[in-house]
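The structure file work00.cif is reproduced below (mmCIF, C-alpha atoms and all ligand atoms).
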data_coords
#
loop_
_atom_site.label_atom_id
_atom_site.label_comp_id
_atom_site.auth_asym_id
_atom_site.auth_seq_id
_atom_site.Cartn_x
_atom_site.Cartn_y
_atom_site.Cartn_z
CA MET A 1 10.35 47.20 -8.11
CA ASP A 2 12.95 44.87 -6.63
CA LEU A 3 11.54 43.50 -3.43
CA SER A 4 8.21 43.08 -1.64
CA VAL A 5 8.36 42.02 1.99
CA ILE A 6 5.16 40.50 3.35
CA VAL A 7 4.51 40.66 7.10
CA PRO A 8 1.36 38.92 8.35
CA THR A 9 0.02 40.32 11.59
CA TYR A 10 -2.48 39.32 14.21
CA ASN A 11 -2.48 41.26 17.49
CA GLU A 12 0.96 42.81 17.14
CA LYS A 13 0.23 46.33 18.44
CA ASP A 14 3.43 46.48 20.49
CA ASN A 15 5.64 45.33 17.62
CA ILE A 16 4.11 46.82 14.50
CA SER A 17 5.71 50.29 14.57
CA GLU A 18 9.16 48.95 15.33
CA ILE A 19 9.14 46.26 12.64
CA ILE A 20 7.99 48.76 10.02
CA ASP A 21 10.69 51.22 11.04
CA GLU A 22 13.43 48.59 11.04
CA ILE A 23 12.51 47.27 7.61
CA HIS A 24 12.36 50.85 6.32
CA LYS A 25 15.89 51.53 7.60
CA GLU A 26 17.16 48.29 6.10
CA PHE A 27 15.74 49.30 2.70
CA ILE A 28 17.18 52.83 2.86
CA ASN A 29 20.61 51.79 4.14
CA ASN A 30 21.00 49.22 1.38
CA LYS A 31 19.29 51.20 -1.38
CA ILE A 32 16.69 48.51 -1.92
CA LYS A 33 13.77 49.59 -4.09
CA GLY A 34 10.86 47.89 -2.48
CA GLU A 35 7.63 47.80 -0.57
CA LEU A 36 6.39 46.41 2.71
CA ILE A 37 2.98 44.75 2.77
CA ILE A 38 1.29 44.20 6.11
CA VAL A 39 -1.51 41.65 5.95
CA ASP A 40 -3.65 42.11 9.03
CA ASP A 41 -6.54 39.85 9.98
CA ASN A 42 -8.69 42.50 11.64
CA SER A 43 -6.62 42.27 14.84
CA PRO A 44 -8.82 43.04 17.85
CA ASP A 45 -5.94 45.00 19.42
CA GLY A 46 -5.95 47.54 16.60
CA THR A 47 -2.72 46.52 14.83
CA GLY A 48 -4.36 47.23 11.46
CA LEU A 49 -5.29 50.78 12.44
CA ILE A 50 -1.80 51.53 13.70
CA ALA A 51 -0.39 50.23 10.41
CA ASP A 52 -2.80 52.45 8.46
CA SER A 53 -1.80 55.51 10.45
CA LEU A 54 1.86 54.90 9.60
CA LYS A 55 1.25 54.97 5.83
CA LYS A 56 1.68 58.75 5.82
CA LYS A 57 5.14 58.47 7.34
CA TYR A 58 6.31 55.50 5.26
CA SER A 59 5.46 55.69 1.57
CA PHE A 60 6.77 52.14 0.96
CA LEU A 61 4.07 50.72 3.24
CA ARG A 62 0.87 49.00 2.06
CA VAL A 63 -1.71 47.42 4.34
CA ILE A 64 -4.21 44.68 3.51
CA HIS A 65 -7.13 44.21 5.88
CA ARG A 66 -8.87 40.88 5.92
CA LYS A 67 -12.19 40.09 7.54
CA GLY A 68 -10.93 38.01 10.44
CA LYS A 69 -8.31 35.53 11.54
CA GLU A 70 -7.91 33.41 8.43
CA GLY A 71 -4.49 31.98 9.09
CA LEU A 72 -0.87 32.82 8.55
CA SER A 73 -0.24 30.97 5.28
CA SER A 74 -3.25 32.40 3.49
CA ALA A 75 -2.24 35.88 4.68
CA VAL A 76 1.17 35.40 3.06
CA LEU A 77 -0.45 34.24 -0.19
CA GLU A 78 -2.73 37.24 -0.20
CA GLY A 79 0.31 39.46 0.23
CA PHE A 80 2.03 37.70 -2.68
CA SER A 81 -1.02 38.25 -4.88
CA ILE A 82 -0.83 42.05 -4.70
CA ALA A 83 2.96 42.36 -4.38
CA GLU A 84 4.80 44.18 -7.15
CA GLY A 85 8.36 43.10 -6.45
CA LYS A 86 10.33 40.65 -8.59
CA ILE A 87 11.50 39.10 -5.33
CA LEU A 88 9.15 38.28 -2.48
CA GLY A 89 10.15 38.11 1.17
CA VAL A 90 8.24 36.90 4.21
CA MET A 91 8.91 37.61 7.86
CA ASP A 92 7.13 37.72 11.21
CA ALA A 93 6.06 40.96 12.82
CA ASP A 94 7.26 40.10 16.32
CA LEU A 95 10.95 41.02 15.73
CA SER A 96 11.99 37.37 15.99
CA HIS A 97 13.69 37.50 12.61
CA PRO A 98 16.83 39.59 12.06
CA VAL A 99 15.81 42.43 9.76
CA ASN A 100 19.46 43.15 8.94
CA LYS A 101 19.65 39.92 6.93
CA ILE A 102 17.18 41.21 4.35
CA HIS A 103 19.79 42.81 2.11
CA GLU A 104 21.97 39.70 2.20
CA MET A 105 19.09 37.45 1.21
CA HIS A 106 17.97 39.85 -1.46
CA ALA A 107 21.48 40.10 -2.92
CA LEU A 108 21.85 36.31 -3.12
CA ILE A 109 18.74 36.04 -5.30
CA LYS A 110 19.57 39.10 -7.35
CA LYS A 111 23.03 37.74 -8.14
CA GLY A 112 21.41 34.48 -9.25
CA GLN A 113 23.03 32.38 -6.54
CA ALA A 114 19.65 31.14 -5.38
CA ASP A 115 15.95 31.20 -6.20
CA LEU A 116 14.93 30.74 -2.59
CA VAL A 117 16.89 31.92 0.45
CA ILE A 118 15.92 30.61 3.87
CA GLY A 119 16.81 32.33 7.13
CA SER A 120 17.82 29.11 8.85
CA ARG A 121 17.97 28.33 12.57
CA TYR A 122 19.30 24.86 12.00
CA ILE A 123 22.56 25.32 10.12
CA PRO A 124 25.90 26.12 11.78
CA GLY A 125 25.79 29.71 13.01
CA GLY A 126 22.00 29.69 13.38
CA LYS A 127 20.21 29.44 16.70
CA ILE A 128 17.06 29.99 18.71
CA GLU A 129 16.93 32.16 21.80
CA GLY A 130 14.21 32.11 24.41
CA TRP A 131 12.15 29.10 23.47
CA THR A 132 11.00 26.58 26.07
CA LEU A 133 12.33 23.04 25.78
CA ASN A 134 8.85 21.93 24.74
CA ARG A 135 8.74 24.35 21.85
CA LYS A 136 12.23 23.33 20.75
CA ILE A 137 11.30 19.64 20.74
CA MET A 138 8.13 20.32 18.75
CA SER A 139 10.01 22.35 16.17
CA LYS A 140 12.81 19.80 15.86
CA SER A 141 10.37 16.91 15.47
CA ALA A 142 8.41 18.72 12.77
CA THR A 143 11.65 19.57 10.98
CA TYR A 144 12.81 15.97 11.22
CA LEU A 145 9.56 14.71 9.68
CA ALA A 146 9.96 17.17 6.83
CA LYS A 147 13.21 15.43 5.88
CA ILE A 148 11.08 13.00 3.92
CA PHE A 149 10.42 15.88 1.53
CA THR A 150 13.44 18.12 1.47
CA LYS A 151 17.13 18.40 2.20
CA ALA A 152 16.68 21.95 3.51
CA LYS A 153 17.73 22.17 7.13
CA ASP A 154 15.01 24.62 8.20
CA PRO A 155 11.95 24.21 5.98
CA MET A 156 9.79 25.41 8.91
CA SER A 157 11.31 28.88 8.95
CA GLY A 158 8.97 31.83 8.70
CA PHE A 159 11.74 34.00 7.27
CA PHE A 160 12.56 33.52 3.59
CA MET A 161 12.81 35.20 0.23
CA ILE A 162 11.92 33.83 -3.18
CA LYS A 163 12.12 34.81 -6.82
CA ARG A 164 8.58 35.55 -7.88
CA SER A 165 8.90 33.62 -11.16
CA CYS A 166 9.32 30.39 -9.18
CA LEU A 167 5.79 30.66 -7.85
CA VAL A 168 3.94 31.03 -11.13
CA ASP A 169 1.13 28.44 -11.54
CA LYS A 170 2.13 26.53 -8.44
CA ASN A 171 -1.29 26.17 -6.82
CA LEU A 172 -0.23 26.75 -3.23
CA ASN A 173 -2.82 26.28 -0.55
CA PRO A 174 -1.29 25.20 2.74
CA ARG A 175 -3.27 24.99 5.94
CA GLY A 176 -1.87 26.59 9.06
CA PHE A 177 1.54 28.13 9.65
CA LYS A 178 4.04 26.35 7.51
CA ILE A 179 3.96 27.82 4.06
CA LEU A 180 7.66 27.49 3.30
CA LEU A 181 7.65 23.70 3.24
CA GLU A 182 4.84 23.70 0.70
CA ILE A 183 6.71 26.20 -1.45
CA ILE A 184 9.83 24.01 -1.35
CA ILE A 185 7.88 20.90 -2.30
CA LYS A 186 5.77 22.40 -5.06
CA THR A 187 8.39 24.58 -6.70
CA ASP A 188 11.66 23.39 -8.00
CA CYS A 189 13.96 26.12 -6.91
CA LYS A 190 17.58 26.41 -6.04
CA ILE A 191 17.72 26.75 -2.26
CA TYR A 192 20.31 28.56 -0.20
CA GLU A 193 20.22 28.79 3.59
CA ILE A 194 21.84 31.52 5.64
CA PRO A 195 22.15 31.26 9.42
CA ILE A 196 19.94 33.43 11.59
CA THR A 197 19.37 33.81 15.30
CA PHE A 198 15.67 33.53 16.04
CA ILE A 199 14.80 35.54 19.13
CA ASN A 200 11.55 34.69 20.85
CA ARG A 201 9.07 37.56 20.92
CA LYS A 202 9.29 40.01 23.82
CA GLU A 203 5.84 41.55 23.27
CA GLY A 204 2.51 39.84 22.65
CA LYS A 205 1.63 36.18 22.50
CA SER A 206 2.50 33.42 20.05
CA LYS A 207 -0.41 32.30 17.89
CA ALA A 208 1.03 28.83 17.39
CA SER A 209 -1.29 26.26 18.96
CA VAL A 210 -1.81 22.52 19.16
CA ARG A 211 -4.14 22.85 16.18
CA GLU A 212 -1.07 23.64 14.10
CA ILE A 213 0.18 20.09 14.64
CA ARG A 214 -2.94 18.71 13.03
CA PHE A 215 -2.68 21.13 10.11
CA TYR A 216 0.94 20.22 9.69
CA LEU A 217 0.28 16.47 9.56
CA GLN A 218 -2.59 17.02 7.12
CA ASN A 219 -0.27 19.06 4.93
CA LEU A 220 2.38 16.35 5.02
CA LEU A 221 -0.12 13.71 3.92
CA SER A 222 -1.20 15.86 1.03
CA TYR A 223 2.44 16.22 -0.08
CA LEU A 224 3.04 12.48 -0.42
CA PRO A 225 2.15 12.34 -4.14
CA TYR A 226 4.88 14.93 -4.75
CA LYS A 227 7.44 12.51 -3.44
CA ARG A 228 6.74 9.51 -5.55
CA LYS A 229 10.25 8.20 -5.19
CA SER A 230 10.26 8.42 -1.39
CA PHE A 231 6.77 6.99 -1.32
CA ILE A 232 7.83 4.00 -3.39
CA GLN A 233 10.86 3.51 -1.12
CA LEU A 234 8.63 3.67 1.93
CA SER A 235 6.30 1.04 0.48
CA LYS A 236 9.20 -1.24 -0.44
CA PHE A 237 10.69 -0.78 3.02
CA ALA A 238 7.34 -1.84 4.51
CA ILE A 239 7.13 -4.93 2.29
CA VAL A 240 10.68 -5.95 3.21
CA GLY A 241 9.85 -5.41 6.87
CA MET A 242 6.81 -7.66 6.67
CA MET A 243 8.76 -10.36 4.85
CA GLY A 244 11.34 -10.05 7.63
CA ILE A 245 8.68 -10.76 10.23
CA ILE A 246 7.54 -13.88 8.37
CA ILE A 247 11.14 -15.07 8.02
CA ASN A 248 11.74 -14.43 11.70
CA ILE A 249 8.73 -16.54 12.71
CA PHE A 250 9.56 -19.26 10.20
CA PHE A 251 13.11 -19.71 11.51
CA LEU A 252 11.98 -19.46 15.11
CA TYR A 253 9.68 -22.39 14.40
CA LEU A 254 12.30 -24.31 12.42
CA PHE A 255 15.06 -24.01 15.04
CA THR A 256 12.78 -24.69 17.97
CA GLU A 257 10.55 -27.45 16.65
CA ILE A 258 12.73 -29.20 14.10
CA ALA A 259 16.25 -28.60 15.44
CA GLY A 260 15.11 -28.77 19.07
CA ILE A 261 16.93 -25.59 20.17
CA TYR A 262 15.72 -23.72 23.27
CA TYR A 263 13.23 -21.12 21.97
CA LEU A 264 14.97 -18.01 23.33
CA ILE A 265 18.23 -19.07 21.66
CA SER A 266 16.29 -19.82 18.47
CA ALA A 267 14.79 -16.35 18.64
CA VAL A 268 18.24 -14.74 18.62
CA PHE A 269 19.23 -16.65 15.48
CA ALA A 270 15.86 -16.00 13.84
CA PHE A 271 16.31 -12.27 14.58
CA LEU A 272 19.80 -12.25 13.04
CA ILE A 273 18.63 -14.03 9.89
CA ALA A 274 15.72 -11.61 9.50
CA LEU A 275 18.10 -8.69 10.08
CA ALA A 276 20.47 -9.92 7.35
CA HIS A 277 17.53 -10.51 5.02
CA ASN A 278 16.10 -7.03 5.63
CA TYR A 279 19.50 -5.45 5.14
CA LEU A 280 20.20 -7.19 1.84
CA LEU A 281 16.79 -6.52 0.36
CA ASN A 282 16.67 -2.92 1.46
CA LYS A 283 20.16 -2.37 0.04
CA ILE A 284 19.45 -3.75 -3.42
CA PHE A 285 15.66 -3.54 -3.76
CA THR A 286 14.50 -0.53 -1.72
CA PHE A 287 17.47 1.84 -2.02
CA LYS A 288 18.97 0.32 -5.16
CA GLU A 289 22.62 0.20 -4.14
CA ARG A 290 25.34 -2.07 -5.43
CA ILE A 291 25.55 -5.03 -3.10
CA ARG A 292 29.33 -4.73 -2.51
CA TYR A 293 29.33 -1.01 -1.86
CA LYS A 294 30.43 -0.50 1.79
CA PHE A 295 28.81 -3.80 2.62
CA PHE A 296 29.98 -4.22 6.22
CA THR A 297 29.94 -0.58 7.30
CA LYS A 298 26.39 -0.26 6.12
CA PHE A 299 25.39 -3.52 7.73
CA LEU A 300 26.63 -2.12 11.04
CA GLN A 301 24.68 1.10 10.49
CA PHE A 302 21.56 -0.83 9.56
CA SER A 303 21.92 -3.03 12.65
CA ALA A 304 22.51 -0.03 14.91
CA ILE A 305 19.27 1.55 13.69
CA SER A 306 17.45 -1.74 14.24
CA LEU A 307 18.69 -1.93 17.82
CA PHE A 308 17.87 1.72 18.43
CA SER A 309 14.37 1.09 17.03
CA LEU A 310 13.96 -1.88 19.33
CA ALA A 311 14.88 0.29 22.31
CA ILE A 312 12.39 2.99 21.27
CA ASN A 313 9.79 0.27 20.69
CA LEU A 314 10.21 -1.03 24.23
CA ILE A 315 10.21 2.42 25.79
CA LEU A 316 7.05 3.44 23.92
CA LEU A 317 5.35 0.16 24.69
CA TYR A 318 6.10 0.72 28.36
CA ILE A 319 5.00 4.37 28.41
CA LEU A 320 1.75 3.82 26.49
CA THR A 321 0.81 0.75 28.50
CA GLU A 322 1.85 1.83 31.99
CA MET A 323 1.33 5.57 31.91
CA PHE A 324 -1.53 5.96 29.44
CA HIS A 325 -3.18 2.66 30.42
CA ILE A 326 -3.59 1.50 26.84
CA TYR A 327 -4.03 -2.24 26.25
CA TYR A 328 -0.53 -3.57 25.55
CA LEU A 329 -1.30 -5.01 22.11
CA ILE A 330 -2.75 -1.68 20.99
CA SER A 331 0.30 0.09 22.45
CA GLN A 332 2.45 -2.21 20.38
CA VAL A 333 0.58 -1.37 17.15
CA ILE A 334 1.03 2.37 17.84
CA SER A 335 4.70 2.04 18.69
CA ILE A 336 5.42 -0.21 15.70
CA GLY A 337 3.95 2.51 13.49
CA LEU A 338 6.20 5.19 14.98
CA VAL A 339 9.25 2.96 15.08
CA PHE A 340 8.70 2.08 11.43
CA ILE A 341 8.97 5.76 10.50
CA ILE A 342 12.10 6.22 12.62
CA ASN A 343 13.60 3.11 11.10
CA PHE A 344 12.83 4.17 7.55
CA ALA A 345 14.05 7.73 8.05
CA GLY A 346 17.21 6.52 9.80
CA ASN A 347 18.13 4.21 6.94
CA LYS A 348 17.13 6.59 4.19
CA PHE A 349 19.06 9.54 5.58
CA TRP A 350 21.98 7.80 7.21
CA THR A 351 22.67 4.24 6.05
CA PHE A 352 21.66 4.59 2.41
CA ARG A 353 21.74 8.34 1.95
N1 LIG B 401 -2.63 37.82 9.24
C1 LIG B 401 -2.37 36.83 10.13
N2 LIG B 401 -1.17 36.80 10.76
C2 LIG B 401 -0.95 35.81 11.65
C3 LIG B 401 -1.90 34.81 11.95
N3 LIG B 401 -1.36 33.97 12.87
C4 LIG B 401 -0.13 34.44 13.14
N4 LIG B 401 0.13 35.55 12.42
C5 LIG B 401 1.37 36.35 12.38
O1 LIG B 401 2.38 35.48 11.94
C6 LIG B 401 3.62 35.76 12.59
C7 LIG B 401 4.12 34.53 13.34
O2 LIG B 401 3.22 34.21 14.39
P1 LIG B 401 3.70 33.91 15.88
O3 LIG B 401 2.50 33.93 16.73
O4 LIG B 401 4.82 34.83 16.25
O5 LIG B 401 4.21 32.43 15.72
P2 LIG B 401 5.52 31.76 16.35
O6 LIG B 401 6.67 32.69 16.08
O7 LIG B 401 5.62 30.46 15.64
O8 LIG B 401 5.22 31.62 17.81
C8 LIG B 401 3.35 36.95 13.48
O9 LIG B 401 3.70 38.11 12.79
C9 LIG B 401 1.85 36.87 13.71
O10 LIG B 401 1.28 38.11 14.02
C10 LIG B 401 -3.17 34.88 11.28
O11 LIG B 401 -4.06 34.06 11.46
N5 LIG B 401 -3.33 35.90 10.37
MG MG B 402 6.79 34.59 16.65
#
Could you take the file, read its structure, and then write that structure out as structure tokens?
Amino acid sequence: MDLSVIVPTYNEKDNISEIIDEIHKEFINNKIKGELIIVDDNSPDGTGLIADSLKKKYSFLRVIHRKGKEGLSSAVLEGFSIAEGKILGVMDADLSHPVNKIHEMHALIKKGQADLVIGSRYIPGGKIEGWTLNRKIMSKSATYLAKIFTKAKDPMSGFFMIKRSCLVDKNLNPRGFKILLEIIIKTDCKIYEIPITFINRKEGKSKASVREIRFYLQNLLSYLPYKRKSFIQLSKFAIVGMMGIIINIFFLYLFTEIAGIYYLISAVFAFLIALAHNYLLNKIFTFKERIRYKFFTKFLQFSAISLFSLAINLILLYILTEMFHIYYLISQVISIGLVFIINFAGNKFWTFR
């Protein structure tokens, strides 16, 4: 068998028949030998029963029933475990993902052009229709954070296809929604992204909740050991940053107390010296570049990120202190933490990429 498509469902009674029929047509029209596996978590709305009743009409359909709502990622893994196809696909049941891309994705893997094909919303040609601004910001932020781990533009996508052999012995066990990122990190496969338009569901409700943010952050923490190189860079970047602070204070003292310069003027010079120090050390020590390589351009980039970080720092400090009534020194600790990440990511993926 060529292809197994896994569709996890929870309360999808108004979508289930249509998604099955569309996938069936896509298989027939493109002569794909495959199966569709619905993994239902005992949906209270009867999705599982509807799926069962359709097995007579569609011989390519299999249905797994689980005890209760055990989560999207584990449903996908359970589907994988009984799938018979050499290639495994995953998509949502709510018709958000374009079914007519299945044959294209399948062909790319079959021809050997990729081991993993992602239906991507974040490459040219891809887009999202019908999401609130809030949802867009959440998705973008999560995707941005994932840049620490992968170059893929949409590692949060729920629509992808992978060569089964890539998954052997990979010990996947992600919490929550985002199984693709874990697959990317733990397998070493050749990735190819094709643009898709994600259309927000018309029927039923999204099961994404605030809890997913916590799961996601927990997952990210557990992936750190897989990115030893990035982790080492992050640590070095932190050390350089702390040395920069000491240098800043040292020169502030020197200029003000010894040279007798007005302290605000001293602070400007102390800042510039610390900036130059941080730049040089991060260039040669953290990101291991030749010192001469694009020296001035990169210094400008590094400085721009520093200024941007300062602006974010001030804005966050203001918001946390004034709007959330947090003591200003605590606000500063929180915002320094966030700004540090922005600063690191900015330099890793822009200045020294
Ligand atoms: N089996 C199972 N499927 C789930 C679970 N949570 C979500 N799903 C399914 O996963 C897919 C994506 O969920 P959805 O609520 O549309 O998430 P969103 O697109 O991110 O808003 C849909 O097909 C859901 O029915 C779950 O706990 N178990
Ligand atoms: Mg959805």
_So that I can check the surroundings of stretch 272-288 of chain A, please list as a VMD selection string every protein, DNA and RNA residue that reaches within 8 Å of it, counting all atoms listed in the file and ignoring chain neighbours fewer than 4 positions away._
chain A and resid 233 236 to 237 240 to 241 244 to 245 247 to 248 268 299 302 to 303 348 352
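Counting only C-alpha atoms and all ligand atoms and comparing A:Asp94, A:Glu257, A:Asp21, A:Glu78, the residue that lies closest to ligand LIG 401 (chain B) is A:Asp94.
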*Which one is closest to ligand LIG 401 (chain B): A:Ile184, A:Val90, A:Ala51, A:Leu36? Count only C-alpha atoms and all ligand atoms.*
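With only C-alpha atoms and all ligand atoms as the atom set, the closest residue is A:Val90.
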_Using only C-alpha atoms and all ligand atoms: which of A:Arg164, A:Lys151, A:Lys178, A:Arg62 has the shortest distance to ligand LIG 401 (chain B)_ =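 With only C-alpha atoms and all ligand atoms as the atom set, the closest residue is A:Lys178.
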Write out as CSV the residues of chain A that have any atom within 7 Å of an atom of ligand LIG 401 (chain B), one row each with the nearest atom pair and its distance in Å to one decimal, counting only C-alpha atoms and all ligand atoms, sorted by chain and then rising number.
residue,atom,partner,partner_atom,distance
A:Val7,CA,B:LIG401,O9,6.3
A:Pro8,CA,B:LIG401,N2,4.1
A:Thr9,CA,B:LIG401,O10,3.5
A:Tyr10,CA,B:LIG401,O10,4.0
A:Asn11,CA,B:LIG401,O10,6.0
A:Glu12,CA,B:LIG401,O10,5.7
A:Val39,CA,B:LIG401,N1,5.2
A:Asp40,CA,B:LIG401,N1,4.4
A:Asp41,CA,B:LIG401,N1,4.5
A:Lys69,CA,B:LIG401,O11,4.5
A:Glu70,CA,B:LIG401,O11,4.9
A:Gly71,CA,B:LIG401,O11,3.2
A:Leu72,CA,B:LIG401,C3,4.1
A:Ala75,CA,B:LIG401,N1,5.0
A:Asp92,CA,B:LIG401,O9,3.8
A:Ala93,CA,B:LIG401,O9,3.7
A:Asp94,CA,B:LIG401,O9,5.4
A:Arg201,CA,B:LIG401,O4,6.9
A:Lys205,CA,B:LIG401,O3,6.3
A:Ser206,CA,B:LIG401,O3,3.4
A:Lys207,CA,B:LIG401,O3,3.5
A:Ala208,CA,B:LIG401,O8,5.1
_If we count only C-alpha atoms and set the cut-off at 12 Å, which residues sit around A:Lys101, ignoring sequence neighbours fewer than 6 positions away in its own chain? Please answer as JSON, numbers by chain._
{"A": [22, 23, 26, 27, 30, 89, 91, 107, 108, 117, 118, 119, 120, 159, 160, 161, 193, 194, 195, 196, 197, 198]}
_Using Å and a single decimal, report how far atom CA of A:Gly204 sits from atom CA of A:Ala146._
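Computing it gives 28.6 Å between the two atoms.
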*Pick from A:Ile199, A:Ala142, A:Lys136, A:Ile191: nearest to ligand MG 402 (chain B), with all atoms listed in the file counted?*
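Smallest separation from ligand MG 402 (chain B) among the options: A:Ile199.
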